[in-house]
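*Asks:* Following this line is upload.txt, made up of compact mmCIF, C-alpha atoms:
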```
# COMPACT_ATOMS: atom_id res chain seq x y z
CA MET A 704 -2.02 -16.64 29.18
CA GLU A 705 -4.24 -13.93 30.56
CA HIS A 706 -5.44 -11.38 28.08
CA PRO A 707 -3.90 -7.92 28.36
CA ILE A 708 -6.18 -4.99 29.16
CA ILE A 709 -6.64 -2.84 26.06
CA ALA A 710 -7.42 0.88 26.28
CA ILE A 711 -8.82 2.57 23.19
CA LEU A 712 -8.04 6.26 23.46
CA GLY A 713 -10.49 8.41 21.52
CA GLY A 714 -12.49 5.22 21.47
CA THR A 715 -15.98 6.62 20.99
CA GLY A 716 -15.62 7.02 17.20
CA LYS A 717 -16.42 4.40 14.56
CA GLU A 718 -12.97 2.87 14.39
CA GLY A 719 -12.40 2.73 18.14
CA THR A 720 -15.86 1.29 18.73
CA GLY A 721 -15.38 -1.32 16.02
CA LEU A 722 -12.08 -2.48 17.49
CA ALA A 723 -13.54 -2.49 21.01
CA LEU A 724 -16.45 -4.65 19.87
CA ARG A 725 -14.11 -7.20 18.27
CA TRP A 726 -11.72 -7.43 21.21
CA ALA A 727 -14.48 -7.52 23.83
CA ALA A 728 -16.20 -10.27 21.83
CA ALA A 729 -12.91 -12.20 21.83
CA GLY A 730 -12.74 -12.03 25.63
CA TYR A 731 -10.35 -9.13 26.15
CA PRO A 732 -10.99 -6.58 28.90
CA VAL A 733 -11.40 -3.23 27.12
CA VAL A 734 -11.38 0.33 28.43
CA ILE A 735 -12.89 3.00 26.19
CA GLY A 736 -11.12 6.33 26.64
CA SER A 737 -12.50 9.74 25.80
CA ARG A 738 -11.89 13.35 26.74
CA GLU A 739 -15.25 13.21 28.55
CA LEU A 740 -15.91 10.50 31.10
CA GLU A 741 -19.62 10.48 30.37
CA LYS A 742 -19.15 9.86 26.64
CA ALA A 743 -16.69 7.06 27.39
CA SER A 744 -19.02 5.40 29.91
CA GLN A 745 -21.96 5.59 27.52
CA ALA A 746 -19.94 4.06 24.65
CA ALA A 747 -18.72 1.27 26.96
CA GLU A 748 -22.24 0.57 28.16
CA ASN A 749 -23.51 0.33 24.57
CA ILE A 750 -20.86 -2.24 23.72
CA ASN A 751 -21.60 -4.28 26.87
CA LEU A 752 -25.29 -4.30 25.93
CA MET A 753 -24.62 -5.27 22.30
CA LEU A 754 -22.40 -8.18 23.29
CA GLY A 755 -24.10 -9.18 26.54
CA VAL A 756 -20.86 -8.75 28.48
CA LYS A 757 -19.67 -6.59 31.39
CA THR A 758 -15.99 -6.37 30.50
CA VAL A 759 -15.98 -2.98 28.81
CA ARG A 760 -15.47 0.12 30.94
CA GLY A 761 -15.35 3.83 30.12
CA LYS A 762 -12.79 6.27 31.50
CA LYS A 763 -11.14 9.55 30.71
CA ASN A 764 -8.23 9.01 28.27
CA ILE A 765 -5.54 9.35 30.91
CA ASP A 766 -7.27 6.97 33.31
CA ALA A 767 -7.91 4.51 30.51
CA ALA A 768 -4.21 4.62 29.60
CA LYS A 769 -3.27 4.09 33.26
CA ALA A 770 -5.53 1.06 33.58
CA ALA A 771 -4.31 -0.67 30.43
CA ASP A 772 -1.42 -2.87 29.34
CA ILE A 773 -1.74 -1.88 25.70
CA CYS A 774 -3.18 1.42 24.41
CA VAL A 775 -4.63 2.06 20.98
CA LEU A 776 -4.83 5.65 19.76
CA THR A 777 -7.84 6.28 17.51
CA VAL A 778 -8.33 10.01 18.02
CA ILE A 779 -8.90 12.33 15.08
CA GLN A 780 -5.74 13.53 13.37
CA SER A 781 -5.87 17.04 14.84
CA ALA A 782 -5.94 15.67 18.41
CA HIS A 783 -3.00 13.28 17.89
CA ASN A 784 -0.11 15.19 19.42
CA GLU A 785 -2.11 16.86 22.20
CA THR A 786 -3.58 13.56 23.38
CA LEU A 787 -0.14 11.99 23.50
CA ASP A 788 1.27 14.96 25.41
CA ASN A 789 -1.49 14.53 28.00
CA ILE A 790 -0.96 10.82 28.59
CA LYS A 791 2.78 10.41 28.14
CA GLY A 792 3.38 10.18 31.89
CA VAL A 793 1.40 6.96 32.29
CA LEU A 794 2.62 4.95 29.28
CA GLU A 795 6.06 3.88 30.45
CA GLY A 796 6.86 0.30 29.45
CA LYS A 797 3.57 -0.06 27.59
CA ILE A 798 2.75 -0.54 23.93
CA LEU A 799 1.03 2.37 22.16
CA ILE A 800 -0.65 1.36 18.92
CA ASP A 801 -1.02 4.40 16.68
CA ALA A 802 -3.87 4.07 14.16
CA THR A 803 -3.64 7.63 12.87
CA SER A 804 -3.71 8.33 9.12
CA ARG A 805 -2.95 11.95 8.37
CA VAL A 806 -5.24 12.01 5.35
CA ASP A 807 -8.18 14.34 4.76
CA TYR A 808 -11.18 12.47 3.38
CA ARG A 809 -12.31 15.44 1.29
CA ASP A 810 -8.90 16.07 -0.25
CA PRO A 811 -6.85 12.89 0.07
CA LYS A 812 -3.11 13.40 -0.41
CA PRO A 813 -0.17 11.26 0.64
CA PRO A 814 1.13 12.55 3.99
CA SER A 815 4.79 13.54 4.46
CA PRO A 816 7.31 11.96 6.80
CA PRO A 817 7.78 11.66 9.71
CA SER A 818 4.88 9.24 10.15
CA ALA A 819 2.31 9.73 12.88
CA GLY A 820 3.96 6.79 14.64
CA GLN A 821 7.39 8.43 14.46
CA GLN A 822 5.88 11.62 15.87
CA ALA A 823 4.32 9.60 18.68
CA GLN A 824 7.65 7.94 19.45
CA GLU A 825 9.30 11.38 19.54
CA ILE A 826 6.69 12.69 22.00
CA LEU A 827 6.62 9.59 24.20
CA GLY A 828 10.31 8.78 24.33
CA ALA A 829 12.12 5.46 24.12
CA SER A 830 10.43 3.90 27.17
CA VAL A 831 7.15 3.50 25.24
CA ARG A 832 6.97 0.96 22.42
CA VAL A 833 5.10 2.61 19.54
CA VAL A 834 3.52 0.40 16.89
CA ALA A 835 1.70 1.85 13.87
CA ALA A 836 -1.26 -0.28 12.75
CA PHE A 837 -4.94 -0.22 11.66
CA GLN A 838 -4.58 2.99 9.57
CA ASN A 839 -6.17 1.34 6.50
CA VAL A 840 -8.95 -0.75 7.97
CA PRO A 841 -12.34 0.60 6.84
CA ALA A 842 -14.06 1.61 10.10
CA LYS A 843 -17.45 0.41 8.92
CA LEU A 844 -16.18 -3.11 8.26
CA LEU A 845 -15.04 -3.44 11.87
CA SER A 846 -18.55 -3.22 13.30
CA LYS A 847 -20.02 -5.80 10.91
CA GLY A 848 -19.91 -9.55 11.49
CA ILE A 849 -18.27 -9.36 14.91
CA GLY A 850 -16.44 -12.62 15.59
CA GLN A 851 -15.97 -13.32 11.91
CA PRO A 852 -12.86 -12.81 9.77
CA LEU A 853 -12.60 -9.46 8.07
CA ASP A 854 -11.52 -8.95 4.45
CA ALA A 855 -8.70 -6.54 5.27
CA ASP A 856 -5.11 -7.08 6.34
CA VAL A 857 -3.16 -4.94 8.77
CA LEU A 858 0.37 -3.69 8.08
CA VAL A 859 2.33 -3.40 11.32
CA CYS A 860 5.24 -0.94 11.45
CA THR A 861 7.46 -0.67 14.49
CA ASP A 862 11.10 -0.65 15.49
CA ASP A 863 10.35 -3.24 18.22
CA LEU A 864 9.87 -6.77 16.89
CA GLU A 865 8.56 -8.17 20.16
CA ALA A 866 5.89 -5.46 20.30
CA ALA A 867 5.00 -6.30 16.68
CA GLN A 868 4.33 -9.90 17.72
CA GLN A 869 2.00 -8.82 20.53
CA VAL A 870 0.10 -6.48 18.21
CA ILE A 871 -0.19 -9.17 15.53
CA ARG A 872 -1.85 -11.41 18.15
CA LEU A 873 -4.36 -8.64 18.90
CA ILE A 874 -5.03 -8.21 15.18
CA GLU A 875 -5.72 -11.92 14.86
CA ALA A 876 -8.03 -11.79 17.88
CA ALA A 877 -9.97 -9.08 16.03
CA GLY A 878 -10.43 -11.34 12.99
CA MET A 879 -7.72 -9.97 10.71
CA ARG A 880 -4.25 -10.97 9.58
CA GLY A 881 -1.38 -8.74 10.61
CA TYR A 882 1.99 -8.54 8.89
CA TYR A 883 5.24 -7.05 10.08
CA ALA A 884 5.90 -4.34 7.49
CA GLY A 885 9.14 -2.72 8.64
CA GLY A 886 10.07 0.13 10.94
CA LEU A 887 8.01 3.16 11.97
CA GLU A 888 9.47 5.01 8.99
CA ASN A 889 7.40 2.78 6.68
CA ALA A 890 4.21 3.88 8.44
CA THR A 891 4.13 7.03 6.29
CA VAL A 892 3.47 4.73 3.33
CA VAL A 893 0.71 2.88 5.20
CA GLU A 894 -0.93 6.21 6.04
CA GLY A 895 -0.64 7.10 2.36
CA MET A 896 -2.49 3.91 1.43
CA THR A 897 -5.49 5.51 3.11
CA SER A 898 -5.25 8.25 0.50
CA ILE A 899 -5.23 5.58 -2.21
CA LEU A 900 -8.17 3.71 -0.70
CA ILE A 901 -10.21 6.93 -0.51
CA SER A 902 -9.35 7.69 -4.16
CA MET A 903 -10.48 4.17 -5.11
CA ASN A 904 -13.68 4.37 -3.12
CA LYS A 905 -14.57 7.67 -4.81
CA HIS A 906 -13.72 6.38 -8.29
CA TYR A 907 -15.56 3.07 -7.97
CA GLY A 908 -18.46 4.50 -5.95
CA LEU A 909 -17.74 2.22 -3.01
CA LYS A 910 -16.90 2.59 0.66
CA ASP A 911 -14.94 -0.39 1.85
CA ALA A 912 -11.90 -0.90 -0.41
CA SER A 913 -9.12 -2.48 1.60
CA ILE A 914 -5.64 -3.88 1.23
CA LYS A 915 -4.60 -7.51 1.45
CA VAL A 916 -1.17 -9.09 1.37
CA ALA A 917 -0.46 -12.07 -0.88
CA GLY A 918 2.53 -14.38 -1.07
CA ILE A 919 3.07 -14.87 2.68
CA PRO A 920 1.81 -18.24 3.94
CA SER A 921 0.15 -18.49 7.36
CA ALA A 922 2.58 -19.18 10.19
CA MET B 1297 -10.05 -3.84 -31.88
CA GLU B 1298 -6.46 -4.22 -32.96
CA HIS B 1299 -3.91 -4.55 -30.18
CA PRO B 1300 -1.66 -1.55 -29.61
CA ILE B 1301 2.08 -1.99 -30.08
CA ILE B 1302 3.81 -1.99 -26.70
CA ALA B 1303 7.42 -0.87 -26.27
CA ILE B 1304 9.21 -1.89 -23.09
CA LEU B 1305 12.06 0.56 -22.54
CA GLY B 1306 14.89 -0.90 -20.54
CA GLY B 1307 13.12 -4.16 -21.33
CA THR B 1308 15.99 -6.61 -20.97
CA GLY B 1309 15.74 -6.85 -17.16
CA LYS B 1310 13.56 -9.27 -15.20
CA GLU B 1311 10.54 -7.03 -14.93
CA GLY B 1312 10.54 -5.89 -18.55
CA THR B 1313 11.09 -9.42 -19.80
CA GLY B 1314 8.28 -10.76 -17.63
CA LEU B 1315 5.81 -8.17 -18.90
CA ALA B 1316 6.94 -8.75 -22.50
CA LEU B 1317 6.38 -12.49 -22.13
CA ARG B 1318 2.86 -11.97 -20.81
CA TRP B 1319 1.81 -9.46 -23.46
CA ALA B 1320 3.40 -11.36 -26.34
CA ALA B 1321 1.66 -14.53 -25.12
CA ALA B 1322 -1.63 -12.60 -25.13
CA GLY B 1323 -1.14 -11.63 -28.77
CA TYR B 1324 0.23 -8.11 -28.43
CA PRO B 1325 3.06 -6.93 -30.69
CA VAL B 1326 5.95 -6.07 -28.35
CA VAL B 1327 9.15 -4.12 -28.92
CA ILE B 1328 11.94 -4.62 -26.40
CA GLY B 1329 13.99 -1.44 -26.00
CA SER B 1330 17.52 -1.21 -24.66
CA ARG B 1331 20.43 1.18 -24.80
CA GLU B 1332 22.18 -1.42 -26.96
CA LEU B 1333 20.48 -2.77 -30.07
CA GLU B 1334 22.21 -6.12 -29.76
CA LYS B 1335 20.99 -6.73 -26.20
CA ALA B 1336 17.46 -5.77 -27.22
CA SER B 1337 17.47 -8.06 -30.24
CA GLN B 1338 18.81 -10.96 -28.20
CA ALA B 1339 16.16 -10.51 -25.49
CA ALA B 1340 13.42 -10.31 -28.14
CA GLU B 1341 14.69 -13.44 -29.86
CA ASN B 1342 14.70 -15.33 -26.55
CA ILE B 1343 11.09 -14.41 -25.93
CA ASN B 1344 10.06 -15.40 -29.47
CA LEU B 1345 11.75 -18.77 -28.98
CA MET B 1346 10.17 -19.34 -25.56
CA LEU B 1347 6.68 -18.61 -26.84
CA GLY B 1348 7.03 -19.91 -30.41
CA VAL B 1349 6.01 -16.53 -31.85
CA LYS B 1350 7.62 -13.94 -34.11
CA THR B 1351 5.90 -10.84 -32.80
CA VAL B 1352 8.60 -9.56 -30.47
CA ARG B 1353 11.27 -7.27 -31.87
CA GLY B 1354 14.31 -5.59 -30.34
CA LYS B 1355 15.31 -1.96 -30.91
CA LYS B 1356 17.25 0.83 -29.29
CA ASN B 1357 15.08 2.61 -26.73
CA ILE B 1358 14.33 5.61 -28.92
CA ASP B 1359 13.41 3.47 -31.93
CA ALA B 1360 11.28 1.22 -29.75
CA ALA B 1361 9.44 4.28 -28.41
CA LYS B 1362 8.94 5.56 -31.97
CA ALA B 1363 7.49 2.25 -33.15
CA ALA B 1364 5.03 1.88 -30.26
CA ASP B 1365 1.59 3.14 -29.30
CA ILE B 1366 2.18 2.62 -25.59
CA CYS B 1367 5.58 2.67 -23.87
CA VAL B 1368 6.46 1.04 -20.57
CA LEU B 1369 9.50 2.33 -18.69
CA THR B 1370 11.29 -0.43 -16.73
CA VAL B 1371 14.80 1.02 -16.55
CA ILE B 1372 16.75 1.03 -13.29
CA GLN B 1373 16.01 3.98 -11.04
CA SER B 1374 19.28 5.80 -11.80
CA ALA B 1375 18.54 5.79 -15.55
CA HIS B 1376 14.97 7.12 -15.18
CA ASN B 1377 15.36 10.80 -15.96
CA GLU B 1378 18.10 10.39 -18.58
CA THR B 1379 16.13 7.80 -20.53
CA LEU B 1380 13.08 10.06 -20.57
CA ASP B 1381 15.17 13.03 -21.69
CA ASN B 1382 16.46 10.97 -24.60
CA ILE B 1383 13.06 9.80 -25.85
CA LYS B 1384 10.83 12.74 -25.06
CA GLY B 1385 10.76 13.89 -28.70
CA VAL B 1386 9.01 10.74 -29.92
CA LEU B 1387 6.32 10.27 -27.26
CA GLU B 1388 3.83 12.97 -28.21
CA GLY B 1389 0.24 11.78 -27.87
CA LYS B 1390 1.35 8.42 -26.48
CA ILE B 1391 0.91 6.78 -23.10
CA LEU B 1392 4.06 6.31 -21.01
CA ILE B 1393 3.66 3.75 -18.24
CA ASP B 1394 6.21 4.43 -15.52
CA ALA B 1395 7.03 1.32 -13.45
CA THR B 1396 9.83 2.94 -11.47
CA SER B 1397 10.05 2.47 -7.69
CA ARG B 1398 12.70 4.69 -6.17
CA VAL B 1399 13.55 2.14 -3.48
CA ASP B 1400 16.94 0.58 -2.78
CA TYR B 1401 16.66 -3.15 -2.16
CA ARG B 1402 19.53 -3.14 0.34
CA ASP B 1403 18.22 -0.20 2.35
CA PRO B 1404 14.50 0.13 1.66
CA LYS B 1405 13.05 3.52 2.64
CA PRO B 1406 9.86 5.25 1.54
CA PRO B 1407 10.71 7.63 -1.33
CA SER B 1408 9.82 11.32 -1.16
CA PRO B 1409 7.48 13.21 -3.47
CA PRO B 1410 7.32 14.05 -6.31
CA SER B 1411 6.71 10.50 -7.54
CA ALA B 1412 8.73 9.04 -10.41
CA GLY B 1413 5.57 9.46 -12.51
CA GLN B 1414 5.27 13.14 -11.61
CA GLN B 1415 8.92 13.59 -12.53
CA ALA B 1416 8.28 11.85 -15.85
CA GLN B 1417 5.29 14.11 -16.54
CA GLU B 1418 7.45 17.14 -15.77
CA ILE B 1419 10.16 16.00 -18.20
CA LEU B 1420 7.78 14.91 -20.96
CA GLY B 1421 5.26 17.75 -20.82
CA ALA B 1422 1.49 17.70 -21.06
CA SER B 1423 1.33 16.09 -24.53
CA VAL B 1424 2.37 12.72 -23.10
CA ARG B 1425 -0.04 10.83 -20.87
CA VAL B 1426 1.97 9.43 -17.95
CA VAL B 1427 0.53 6.51 -15.98
CA ALA B 1428 2.33 5.03 -12.96
CA ALA B 1429 1.84 1.27 -12.62
CA PHE B 1430 3.57 -2.09 -11.96
CA GLN B 1431 5.93 -0.69 -9.27
CA ASN B 1432 4.94 -3.42 -6.79
CA VAL B 1433 4.69 -6.52 -8.94
CA PRO B 1434 7.40 -9.03 -7.96
CA ALA B 1435 9.49 -9.40 -11.14
CA LYS B 1436 9.98 -13.13 -10.61
CA LEU B 1437 6.25 -13.80 -10.50
CA LEU B 1438 5.81 -12.27 -13.96
CA SER B 1439 7.90 -14.91 -15.71
CA LYS B 1440 6.14 -17.85 -14.03
CA GLY B 1441 2.91 -19.40 -15.31
CA ILE B 1442 2.65 -17.22 -18.42
CA GLY B 1443 -0.98 -17.04 -19.54
CA GLN B 1444 -2.23 -17.68 -16.01
CA PRO B 1445 -3.57 -15.19 -13.49
CA LEU B 1446 -1.03 -13.72 -11.15
CA ASP B 1447 -1.51 -13.26 -7.40
CA ALA B 1448 -0.75 -9.53 -7.42
CA ASP B 1449 -2.88 -6.48 -8.15
CA VAL B 1450 -1.70 -3.32 -9.88
CA LEU B 1451 -2.46 0.17 -8.56
CA VAL B 1452 -2.80 2.63 -11.44
CA CYS B 1453 -2.10 6.31 -10.75
CA THR B 1454 -2.61 8.96 -13.40
CA ASP B 1455 -4.28 12.30 -13.96
CA ASP B 1456 -5.83 10.96 -17.22
CA LEU B 1457 -8.77 8.62 -16.65
CA GLU B 1458 -8.97 7.48 -20.27
CA ALA B 1459 -5.30 6.47 -20.17
CA ALA B 1460 -6.00 4.61 -16.92
CA GLN B 1461 -8.67 2.55 -18.71
CA GLN B 1462 -6.25 1.58 -21.49
CA VAL B 1463 -3.57 0.60 -19.00
CA ILE B 1464 -6.04 -1.44 -16.95
CA ARG B 1465 -6.86 -3.40 -20.13
CA LEU B 1466 -3.14 -4.14 -20.60
CA ILE B 1467 -2.86 -5.21 -16.97
CA GLU B 1468 -5.75 -7.63 -17.46
CA ALA B 1469 -4.15 -8.97 -20.65
CA ALA B 1470 -1.06 -9.72 -18.53
CA GLY B 1471 -3.13 -11.76 -16.07
CA MET B 1472 -3.56 -9.24 -13.27
CA ARG B 1473 -6.27 -6.94 -11.97
CA GLY B 1474 -5.65 -3.20 -12.22
CA TYR B 1475 -7.35 -0.55 -10.11
CA TYR B 1476 -7.52 3.18 -10.60
CA ALA B 1477 -5.80 4.52 -7.48
CA GLY B 1478 -5.88 8.29 -7.93
CA GLY B 1479 -3.60 10.87 -9.50
CA LEU B 1480 0.14 10.73 -10.14
CA GLU B 1481 0.66 12.27 -6.72
CA ASN B 1482 -0.50 8.99 -5.14
CA ALA B 1483 2.23 7.10 -7.00
CA THR B 1484 4.74 8.08 -4.31
CA VAL B 1485 2.74 5.85 -1.95
CA VAL B 1486 2.72 2.97 -4.43
CA GLU B 1487 6.50 3.26 -4.80
CA GLY B 1488 6.69 3.24 -1.00
CA MET B 1489 4.75 -0.04 -0.94
CA THR B 1490 7.81 -1.56 -2.60
CA SER B 1491 9.76 -0.56 0.50
CA ILE B 1492 7.14 -2.32 2.63
CA LEU B 1493 7.15 -5.44 0.46
CA ILE B 1494 10.96 -5.65 0.66
CA SER B 1495 10.77 -5.27 4.47
CA MET B 1496 8.18 -8.06 4.58
CA ASN B 1497 10.18 -10.35 2.32
CA LYS B 1498 13.25 -9.91 4.49
CA HIS B 1499 11.32 -10.43 7.73
CA TYR B 1500 9.42 -13.51 6.57
CA GLY B 1501 12.32 -14.96 4.54
CA LEU B 1502 10.32 -14.83 1.33
CA LYS B 1503 10.65 -13.21 -2.07
CA ASP B 1504 7.25 -12.68 -3.59
CA ALA B 1505 5.07 -10.74 -1.16
CA SER B 1506 2.56 -8.70 -3.09
CA ILE B 1507 -0.42 -6.43 -2.61
CA LYS B 1508 -4.05 -7.18 -3.42
CA VAL B 1509 -7.11 -4.99 -3.25
CA ALA B 1510 -10.28 -6.22 -1.56
CA GLY B 1511 -13.76 -4.76 -1.47
CA ILE B 1512 -14.04 -3.77 -5.16
CA PRO B 1513 -16.18 -6.22 -7.16
CA SER B 1514 -15.20 -7.11 -10.73
CA ALA B 1515 -16.68 -4.77 -13.34
```
Take the structure in this file and express it as structure tokens.

*Replies:*
Amino acid sequence: MEHPIIAILGGTGKEGTGLALRWAAAGYPVVIGSRELEKASQAAENINLMLGVKTVRGKKNIDAAKAADICVLTVIQSAHNETLDNIKGVLEGKILIDATSRVDYRDPKPPSPPSAGQQAQEILGASVRVVAAFQNVPAKLLSKGIGQPLDADVLVCTDDLEAAQQVIRLIEAAGMRGYYAGGLENATVVEGMTSILISMNKHYGLKDASIKVAGIPSA
Amino acid sequence: MEHPIIAILGGTGKEGTGLALRWAAAGYPVVIGSRELEKASQAAENINLMLGVKTVRGKKNIDAAKAADICVLTVIQSAHNETLDNIKGVLEGKILIDATSRVDYRDPKPPSPPSAGQQAQEILGASVRVVAAFQNVPAKLLSKGIGQPLDADVLVCTDDLEAAQQVIRLIEAAGMRGYYAGGLENATVVEGMTSILISMNKHYGLKDASIKVAGIPSA
């Protein structure tokens, strides 16, 4: 089966770059999206150079979304709704993975419902399959040990089980285990785990606390 | 250091019994509390017989709370506030561990703030140190392999760091690892994880999914 093209919207930050590195290293064609074409192209070029590949391209967010089969949203929280408004016309029939945690690093508090993913679904309408995932993965871990398994699991919340399966395959390609964790409503809890992980990191003087799931054997 | 006396209020259910077994096996004096003295005494006697000890007693909830240094609340969700109202007079200066998850097994949804722990603190007042913990531990796991480590971590939320340390010691005595996970406000998220674990168990056809923390080395 041919790999789907993955667009990472707001993909020039740490999290987007880390995911792009892992998927490009696993052989997936990746498009880095940004508000500015130049920033996107530069980030893509850096990843191609690091990996010795030519499969990563840079485009403006809307063009990246157009070119892709699956889009991953890794913009900062304040740009979440506006970015979705701008690209909603080109997402029909596609999967949108929403990685947004509405948690402020300086003052971490559990966010209120509806989840970022539910808000995305509301903006995009029923023709786009929204999947919430990657909210808890420490961004710094993603860029280390590319091609090796990562000590963090990914909770996958969506109302579309078939989309969940596709996203879980992408998670595995990036070196993590993904678990179906209920509907988009549950994503508020997953966002809140980011608040807990930040509290832990501050208390223990660390940076990379993460969540794992136990009690579910490998498929 | 002498072990504190632990009261488990609403301690005749699966979760309370499991915790009682683990602490009694570790040498802690345990008092099982119930609304009915007879039920409490019977549950205590069962545990004494199972372990071959005589250190577990049964009392009515209020008398159990009176006799204890640390109380653990494992009543069903609907009895949470009423039980606390009834015992608030005897908890001054003590630690109250609130294990309540406000999640319905049949229709799991993330609960809203304030957390059960925040509600307990509101009812009990500032003289009682409320710590939210154990909301996510699968009750069935607790009663298996007593004396052996358990494949589930405990997130500890409280506004009192010294109380957190004491509770983390109890968690370790019960064969688990406990992590300070921020203030009582964060406990809403931990309760919500129960909703996620139930969703996972249903999806994967399992019963004992649990949460672990990675990235924090042992002290």

*Asks:* Could the residues of chain B within 6 Å of chain A, counting all atoms listed in the file, be given as a list of chain:residue names, please?

*Replies:*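 For chain B, the answer reads B:Ala1477, B:Gly1478, B:Val1485, B:Gly1488, B:Ile1492, B:Ser1495, B:Met1496, B:Asp1504, B:Ala1505, B:Ser1506, B:Ile1507, B:Lys1508, B:Val1509, B:Ala1510, B:Gly1511, B:Ile1512.
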
*Asks:* Rank A:Asp862, A:Ala729, A:Glu718, A:Ala743 by their smallest atom-to-atom distance to A:Thr803, using only C-alpha atoms, and report the top residue only.

*Replies:*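 Checking each of A:Asp862, A:Ala729, A:Glu718, A:Ala743 against A:Thr803, counting only C-alpha atoms, the winner is A:Glu718.
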
*Asks:* What does the structure give for the distance between atom CA of B:Ser1411 and atom CA of B:Gln1373, in Å to one decimal?

*Replies:*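 Rounded to one decimal, the two atoms are 11.9 Å apart.
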
*Asks:* Can you tell me how far atom CA of B:Asp1365 sits from atom CA of B:Ala1303, in Å to one decimal?

*Replies:* 7.7 Å

*Asks:* To one decimal place in Å, what is the distance between atom CA of A:Ile779 and atom CA of A:Gln868?

*Replies:*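 Taking atom CA of A:Ile779 and atom CA of A:Gln868, their separation equals 26.0 Å.
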
*Asks:* Can you tell me, as a list in words, what residues are no more than 12 Å from A:Gly878 when counting all atoms listed in the file, ignoring any on the same chain fewer than 3 positions away?

*Replies:*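 Listed by chain and then number, they are Gly721, Leu722, Leu724, Arg725, Trp726, Ala728, Ala729, Val840, Leu844, Leu845, Ser846, Lys847, Gly848, Ile849, Gly850, Gln851, Pro852, Leu853, Asp854, Ala855, Asp856, Val857, Ile871, Arg872, Leu873, Ile874, Glu875 and Gly881 of chain A.
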
*Asks:* Counting only C-alpha atoms, write as a ChimeraX atom specification all protein and nucleic acid residues lying at most 9 Å from (-8.1, -15.8, 26.1) in the file's frame.

*Replies:* /A:704-706,729-731

*Asks:* Taking only C-alpha atoms into account, which of A:Ser804, A:Asn751, A:Ser781, A:Gln822 comes nearest A:Ala723?

*Replies:* A:Asn751

*Asks:* For B:Ala1339, which of B:Asn1382, B:Thr1313, B:Thr1351, B:Gln1417 is the closest residue, counting only C-alpha atoms?

*Replies:*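 Smallest distance to B:Ala1339 is found for B:Thr1313.
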
*Asks:* I'd like the neighbourhood of A:Val833 as number ranges by chain, where a residue qualifies if any of its atoms comes within 9 Å (using all atoms listed in the file), though same-chain residues fewer than 2 positions away should be ignored.

*Replies:* A: 797-801, 820-821, 823-824, 827, 829, 831, 835, 860-863, 866, 887

*Asks:* Looking at B:Lys1335, B:Lys1436, B:Arg1473, B:Arg1425, which one is nearest to B:Ile1366, with distances taken over only C-alpha atoms?

*Replies:*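 Nearest to B:Ile1366: B:Arg1425.
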
*Asks:* Box for stretch 1376-1383 of chain B - axis-aligned, 8 Å on each of the six sides, all listed atoms - centre and size in Å to one decimal, as lines of an AutoDock Vina configuration file.

*Replies:*
```
center_x = 15.6
center_y = 10.1
center_z = -20.5
size_x = 21.0
size_y = 21.9
size_z = 26.7
```
